[in-house]
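Trainee: Could you have a look at this structure, given as structure tokens, before my questions?
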Amino acid sequence: MGTVTLGVSIAVPEPHGSRLQRCRLGFGDAAAAGIPTHVTLLPPTEVDPDDRPAIEDHLAAIAAAGRPFPMRLCGTGTFRPLSPVVFVRVVEGAAACGWLQERVRDPAGPLARELLFPYHPHVTVAHGIAEEAMDRASAELAGYEAAWEVAGFALYEQDPAGVWALRREFRFAAPASRATAGPGGAASRLDPAPRVA
């Protein structure tokens, strides 16, 4: 039996998601037609289809331990020259994304894997296109801003043509009003970790 390619991400909601996808297509990144606008928690990962129930149980447990948190995008950045990517920056919610992706890739879990580069939450708006088009993406979205409350994350599957389809959403169980100790012991809504008495 073959494998399936899965990814876990936070969807960028409307109207922001469609707008950024249209921009990405306009810059000449044709692959964007099959990629919903998102912040990655788990990059494309090949798994055995029989592992899907364990994977979904794993993700459901992470969602149950988390809670909604604010996400804000502002301005652009790039991974060039290491990787041909221009992105919109995550300026609020990065710590929560980091908390989530570490748990998704838990070495003891069904989605354990190493990353090629240190985790850096972002929203890709150009990938692998001409340098001039990458420069245009960076300049045209330099003033872009969007904000919303993240209520959960989702599991996606990639088909042989490279198109990503939503397979299941996982909503956080705890309310956003609950605060926990964040980095340095300060109360923070950026860390979706459960409240610890």
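Lettering and numbering for the structure tokens are positional, with chains as A, B, ... in the shown order, residues counted from 1 in each chain, and ligands counted from 1 in the shown order.
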Kindly assemble as a tab-separated table a list of the segment 119-165 of chain A residues that lie within 12 Å of segment 59-73 of chain A, each paired with its nearest atom pair and their distance in Å to one decimal, using only C-alpha atoms, sorted first by chain and then by ascending residue number.
Mentor:
```
residue	atom	partner	partner_atom	distance
A:Pro121	CA	A:Leu73	CA	10.4
A:His122	CA	A:Leu73	CA	8.4
A:Val123	CA	A:Leu73	CA	8.4
A:Thr124	CA	A:Leu73	CA	11.6
A:Leu141	CA	A:Leu73	CA	10.8
A:Ala142	CA	A:Leu73	CA	10.8
A:Gly143	CA	A:Leu73	CA	10.1
A:Tyr144	CA	A:Leu73	CA	7.5
A:Glu145	CA	A:Leu73	CA	5.3
A:Ala146	CA	A:Leu73	CA	5.2
A:Ala147	CA	A:Arg72	CA	4.2
A:Trp148	CA	A:Met71	CA	5.5
A:Glu149	CA	A:Pro70	CA	4.4
A:Val150	CA	A:Pro68	CA	5.3
A:Ala151	CA	A:Pro68	CA	4.6
A:Gly152	CA	A:Ala63	CA	6.8
A:Phe153	CA	A:Ala63	CA	7.8
A:Ala154	CA	A:Leu59	CA	8.7
A:Leu155	CA	A:Leu59	CA	8.4
```
Trainee: Any chance you can output those residues with N, CA and C atoms as an mmCIF file, in the first residue's frame?
Mentor:
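So again-v2.cif came out as:
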```
data_model
loop_
_atom_site.group_PDB
_atom_site.id
_atom_site.type_symbol
_atom_site.label_atom_id
_atom_site.label_comp_id
_atom_site.auth_asym_id
_atom_site.auth_seq_id
_atom_site.Cartn_x
_atom_site.Cartn_y
_atom_site.Cartn_z
ATOM 1 N N PRO A 121 6.817 30.735 11.773
ATOM 2 C CA PRO A 121 5.454 30.864 11.233
ATOM 3 C C PRO A 121 5.356 32.038 10.253
ATOM 4 N N HIS A 122 4.653 31.815 9.151
ATOM 5 C CA HIS A 122 4.533 32.821 8.099
ATOM 6 C C HIS A 122 3.409 32.427 7.157
ATOM 7 N N VAL A 123 3.053 33.330 6.246
ATOM 8 C CA VAL A 123 2.080 33.046 5.196
ATOM 9 C C VAL A 123 2.775 33.269 3.857
ATOM 10 N N THR A 124 3.038 32.203 3.129
ATOM 11 C CA THR A 124 3.732 32.300 1.846
ATOM 12 C C THR A 124 2.873 33.036 0.823
ATOM 13 N N LEU A 141 3.048 43.898 -1.014
ATOM 14 C CA LEU A 141 2.378 43.500 0.220
ATOM 15 C C LEU A 141 3.086 44.021 1.470
ATOM 16 N N ALA A 142 4.030 44.930 1.276
ATOM 17 C CA ALA A 142 4.795 45.463 2.408
ATOM 18 C C ALA A 142 3.900 46.146 3.439
ATOM 19 N N GLY A 143 2.792 46.708 2.997
ATOM 20 C CA GLY A 143 1.883 47.382 3.911
ATOM 21 C C GLY A 143 0.686 46.547 4.319
ATOM 22 N N TYR A 144 0.696 45.277 3.959
ATOM 23 C CA TYR A 144 -0.462 44.415 4.234
ATOM 24 C C TYR A 144 -0.615 44.149 5.727
ATOM 25 N N GLU A 145 -1.865 44.169 6.206
ATOM 26 C CA GLU A 145 -2.179 43.829 7.590
ATOM 27 C C GLU A 145 -3.486 43.067 7.650
ATOM 28 N N ALA A 146 -3.583 42.135 8.560
ATOM 29 C CA ALA A 146 -4.824 41.390 8.819
ATOM 30 C C ALA A 146 -4.747 40.840 10.232
ATOM 31 N N ALA A 147 -5.907 40.705 10.872
ATOM 32 C CA ALA A 147 -5.938 40.166 12.235
ATOM 33 C C ALA A 147 -7.228 39.394 12.450
ATOM 34 N N TRP A 148 -7.155 38.334 13.259
ATOM 35 C CA TRP A 148 -8.328 37.542 13.596
ATOM 36 C C TRP A 148 -7.999 36.675 14.805
ATOM 37 N N GLU A 149 -8.997 36.008 15.346
ATOM 38 C CA GLU A 149 -8.768 35.067 16.444
ATOM 39 C C GLU A 149 -8.738 33.652 15.879
ATOM 40 N N VAL A 150 -7.673 32.951 16.169
ATOM 41 C CA VAL A 150 -7.518 31.574 15.704
ATOM 42 C C VAL A 150 -8.305 30.660 16.642
ATOM 43 N N ALA A 151 -9.251 29.912 16.069
ATOM 44 C CA ALA A 151 -10.116 29.038 16.871
ATOM 45 C C ALA A 151 -9.728 27.573 16.766
ATOM 46 N N GLY A 152 -8.717 27.262 15.958
ATOM 47 C CA GLY A 152 -8.303 25.882 15.787
ATOM 48 C C GLY A 152 -7.364 25.747 14.603
ATOM 49 N N PHE A 153 -7.176 24.527 14.147
ATOM 50 C CA PHE A 153 -6.302 24.241 13.017
ATOM 51 C C PHE A 153 -6.913 23.087 12.234
ATOM 52 N N ALA A 154 -6.267 22.668 11.154
ATOM 53 C CA ALA A 154 -6.893 21.665 10.291
ATOM 54 C C ALA A 154 -5.865 20.715 9.682
ATOM 55 N N LEU A 155 -6.371 19.543 9.323
ATOM 56 C CA LEU A 155 -5.600 18.518 8.627
ATOM 57 C C LEU A 155 -5.953 18.578 7.147
#
```
Trainee: Would you please extract all strand (DSSP E or B) residues from segment 22-185 of chain A, as assigned by DSSP on the backbone, and give them as a PyMOL selection string?
Mentor: chain A and resi 38-47+69-78+85-92+122-127+145-150+152-158+164-171+180-181
Trainee: Please identify all polymer residues within 9 Å of Thr40 of chain A, counting only C-alpha atoms, omitting same-chain residues fewer than 4 positions from it, and present them as a PyMOL selection string.
Mentor: chain A and resi 7-11+97+101+121-123
Trainee: Can you pull out the residues contacting segment 108-120 of chain A? Cut-off 12 Å, using only C-alpha atoms, and skip same-chain residues under 5 positions away; I want them as an MDAnalysis selection string.
Mentor: chainID A and resid 5:8 39:59 61:62 77:79 82:83 87:91 93:103 155
Trainee: What's the separation between atom CA of Glu92 of chain A and atom CA of Gly17 of chain A, in Å to one decimal place?
Mentor: 17.1 Å
